[in-house]
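**Q** Let me give you the structure first, and then I'll get to my questions.
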Amino acid sequence: MNQADESVEKAGGIQVIARAASIMRALGEHPQGLSLAAIAQLVSLPRSTVQRIINALEEEFLVEALGPSGGFKLGPALGQLINQAQTDIISLIKPYLQSLADELQESVCLASLAGDKIYVLDRIVAERELRVVFPIGINVPATSTAAGKALLATLPVEALRALLLDPLPVFTANTLDRQALDKQLSQVQAGAVATDRDEHIEGVCSFAVPLDTYLGYFSIAIVLPSSRATSRTKVLQSALRDSKQKIERAIGRASKKSS
């Protein structure tokens, strides 16, 4: 086989893998199952092509038939692969946290929502003279921290109403009231980066984004002295968005191949 033939074969193999991945993502988004016609429409491929790929996936138990009613769903082999893989969120996200901390030379953390507070699951403290240090496991009010706001923004309105006190607890002169908080949560839902500007502790700022992963919602935050925050806001926000994109592409609940 000459070099040209090898290149064509390699390109064809990559295309098949990409198409198979698209089909499995479509099935993952529809756990009740889909017909061949529905799959073909969702992935924009001919039905005959989908049929060939489905047959190959079925042989590996990555896809299984629904039975007499027709259609297909994800198969048991996928669950086995997931169970065999590392599913500890801390281990999965640690490299991204380290990369973010190294890039910015600021403290970063991974957090989850615990009632009306955030729970810090992991953190990397910046190795510099003026830095923000906080312990793993710390419970901090969600309404006055960027990590908390990023997570609150993922909740339905009814859940927020039941969870949060009214009026909200005040920690500094900059702590947001309920109206201002609701406005920022709407902005985060629309894609903005959550911010905390001296709202929980004077002299400390933070920026955060939510992570929608197959293990649930988490947030990653950059925490730094306020004296460095204003001049670096755009850089910090850009780095967070980039990190979010990389993490969700790898372990997102509904990861999609970017165009």
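Residue names in the structure tokens use chain letters A, B, ... in the order shown, residue numbers from 1 in each chain, and ligand numbers from 1 in the order shown.
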Fewer than 2 positions away in the same chain doesn't count, so skip those; otherwise give me all residues within 7 Å of stretch 189-203 of chain A, counting only C-alpha atoms, as a PyMOL selection string.
**A** chain A and resi 144-146+149-150+153+171-172+174-175+185-187+205-209+225-226+237
**Q** If you run DSSP on the backbone, which residues of stretch 93-172 of chain A are strand (DSSP E), as a list in words?
**A**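 Of stretch 93-172 of chain A, the ones in strand (DSSP E) are Ser107, Val108, Cys109, Leu110, Ala111, Ser112, Leu113, Ala114, Lys117, Ile118, Tyr119, Val120, Leu121, Asp122, Arg123, Ile124, Asn139, Val140 and Pro141 of chain A.
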**Q** Atoms to include: C-alpha atoms. Write the selected residues as a tab-separated table (two decimals), in the first residue's frame.
**A**
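So out-v5.tsv came out as:
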```tsv
chain	number	residue	atom	x	y	z
A	107	SER	CA	-5.36	30.18	43.68
A	108	VAL	CA	-8.11	28.06	42.12
A	109	CYS	CA	-10.70	25.65	43.50
A	110	LEU	CA	-13.28	23.04	42.59
A	111	ALA	CA	-16.57	23.25	44.49
A	112	SER	CA	-20.01	21.68	44.76
A	113	LEU	CA	-23.25	23.01	46.20
A	114	ALA	CA	-24.23	21.86	49.71
A	117	LYS	CA	-23.26	26.90	50.82
A	118	ILE	CA	-20.44	25.69	48.63
A	119	TYR	CA	-18.18	22.82	49.62
A	120	VAL	CA	-14.58	23.09	48.41
A	121	LEU	CA	-13.61	19.69	47.03
A	122	ASP	CA	-10.11	20.55	45.88
A	123	ARG	CA	-7.87	23.57	45.55
A	124	ILE	CA	-4.47	24.71	44.40
A	139	ASN	CA	-18.27	25.68	53.63
A	140	VAL	CA	-18.80	29.20	52.31
A	141	PRO	CA	-22.08	31.03	51.59
```
**Q** So which one's closest to A:Ser99, A:Leu211, A:Gly115, A:Gly28, A:Ala126? Using only C-alpha atoms, please.
**A**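 Of all the options, A:Ala126 lies closest to A:Ser99.
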**Q** Give me, as a ChimeraX atom specification, all polymer residues having an atom no more than 10 Å from A:Asp182, counting only C-alpha atoms and skipping those fewer than 6 positions away in the same chain.
**A** /A:143,149,152-153,157,160,176,188
**Q** Can you write out the residues you just picked, keeping N, CA and C atoms, as a PDB file, in the first residue's frame?
**A**
```pdb
ATOM      1  N   THR A 143     -24.291  32.564  48.113  1.00  0.00           N
ATOM      2  CA  THR A 143     -24.814  33.811  47.551  1.00  0.00           C
ATOM      3  C   THR A 143     -23.778  34.923  47.450  1.00  0.00           C
ATOM      4  N   LYS A 149     -22.385  31.302  43.212  1.00  0.00           N
ATOM      5  CA  LYS A 149     -23.311  31.882  42.234  1.00  0.00           C
ATOM      6  C   LYS A 149     -23.339  31.055  40.945  1.00  0.00           C
ATOM      7  N   LEU A 152     -25.579  28.205  41.824  1.00  0.00           N
ATOM      8  CA  LEU A 152     -26.966  28.635  42.006  1.00  0.00           C
ATOM      9  C   LEU A 152     -27.636  28.913  40.662  1.00  0.00           C
ATOM     10  N   ALA A 153     -26.859  29.372  39.702  1.00  0.00           N
ATOM     11  CA  ALA A 153     -27.402  29.680  38.383  1.00  0.00           C
ATOM     12  C   ALA A 153     -27.888  28.444  37.641  1.00  0.00           C
ATOM     13  N   VAL A 157     -35.904  28.242  39.237  1.00  0.00           N
ATOM     14  CA  VAL A 157     -36.362  29.362  40.065  1.00  0.00           C
ATOM     15  C   VAL A 157     -37.008  28.866  41.350  1.00  0.00           C
ATOM     16  N   LEU A 160     -34.424  27.789  43.880  1.00  0.00           N
ATOM     17  CA  LEU A 160     -33.743  28.948  44.458  1.00  0.00           C
ATOM     18  C   LEU A 160     -34.601  29.602  45.533  1.00  0.00           C
ATOM     19  N   LEU A 176     -24.317  41.453  47.731  1.00  0.00           N
ATOM     20  CA  LEU A 176     -25.468  41.749  46.886  1.00  0.00           C
ATOM     21  C   LEU A 176     -26.783  41.480  47.612  1.00  0.00           C
ATOM     22  N   VAL A 188     -25.217  34.802  34.384  1.00  0.00           N
ATOM     23  CA  VAL A 188     -24.428  33.569  34.366  1.00  0.00           C
ATOM     24  C   VAL A 188     -25.128  32.508  33.532  1.00  0.00           C
TER      25      VAL A 188
END
```
**Q** Pick out the residues sitting within 12 Å of A:Ser238, and hand them over as a list in words; count only C-alpha atoms, and ignore anything fewer than 2 positions along from it in its own chain.
**A** Leu100, Glu103, Leu104, Gly191, Ala192, Val193, Phe207, Ala208, Val209, Ile222, Arg232, Thr233, Lys234, Val235, Leu236, Leu240, Arg241, Asp242, Ser243, Lys244 and Gln245 of chain A
**Q** Determine the nearest neighbour of A:Pro76 from the options A:Leu62, A:Arg52, A:Leu224, A:Val132, counting only C-alpha atoms.
**A**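 When distances to A:Pro76 are compared using only C-alpha atoms, the smallest one comes from A:Leu62.
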**Q** Which neighbours of A:Glu248 fall inside 12 Å, counting only C-alpha atoms, when residues of the same chain fewer than 2 positions from it are skipped, and could you give them as a ChimeraX atom specification?
**A** /A:92-93,96,209-220,241-246,250-258
**Q** Set the distance at 8 Å and use only C-alpha atoms: which residues neighbour A:Phe72 once local chain neighbours fewer than 2 positions away are removed? I'd like the list as a PyMOL selection string.
**A** chain A and resi 27+33-36+63-66+70+74
**Q** Which distance in Å separates atom CA of A:Val133 and atom CA of A:Ala101, to one decimal?
**A** 13.0 Å
**Q** Residues near A:Thr49, anyone? I mean within 10 Å using only C-alpha atoms, not counting same-chain ones fewer than 6 positions away, as a PyMOL selection string.
**A** chain A and resi 16+19+40
**Q** Can I get the selection written as a PDB file, in the first residue's frame, with N, CA and C atoms?
**A**
```pdb
ATOM      1  N   VAL A  16     -15.220   7.370  10.236  1.00  0.00           N
ATOM      2  CA  VAL A  16     -16.110   6.356  10.810  1.00  0.00           C
ATOM      3  C   VAL A  16     -16.197   6.512  12.327  1.00  0.00           C
ATOM      4  N   ARG A  19     -18.293   9.518  13.165  1.00  0.00           N
ATOM      5  CA  ARG A  19     -19.714   9.250  12.939  1.00  0.00           C
ATOM      6  C   ARG A  19     -20.285   8.339  14.022  1.00  0.00           C
ATOM      7  N   ALA A  40     -30.596   8.974  12.052  1.00  0.00           N
ATOM      8  CA  ALA A  40     -30.077   9.520  10.802  1.00  0.00           C
ATOM      9  C   ALA A  40     -30.359  11.013  10.690  1.00  0.00           C
TER      10      ALA A  40
END
```
**Q** What is the atom CA of A:Ala37-atom CA of A:Gly13 distance in Å, reported with one decimal?
**A**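 For atom CA of A:Ala37 relative to atom CA of A:Gly13, the distance reads 23.6 Å.
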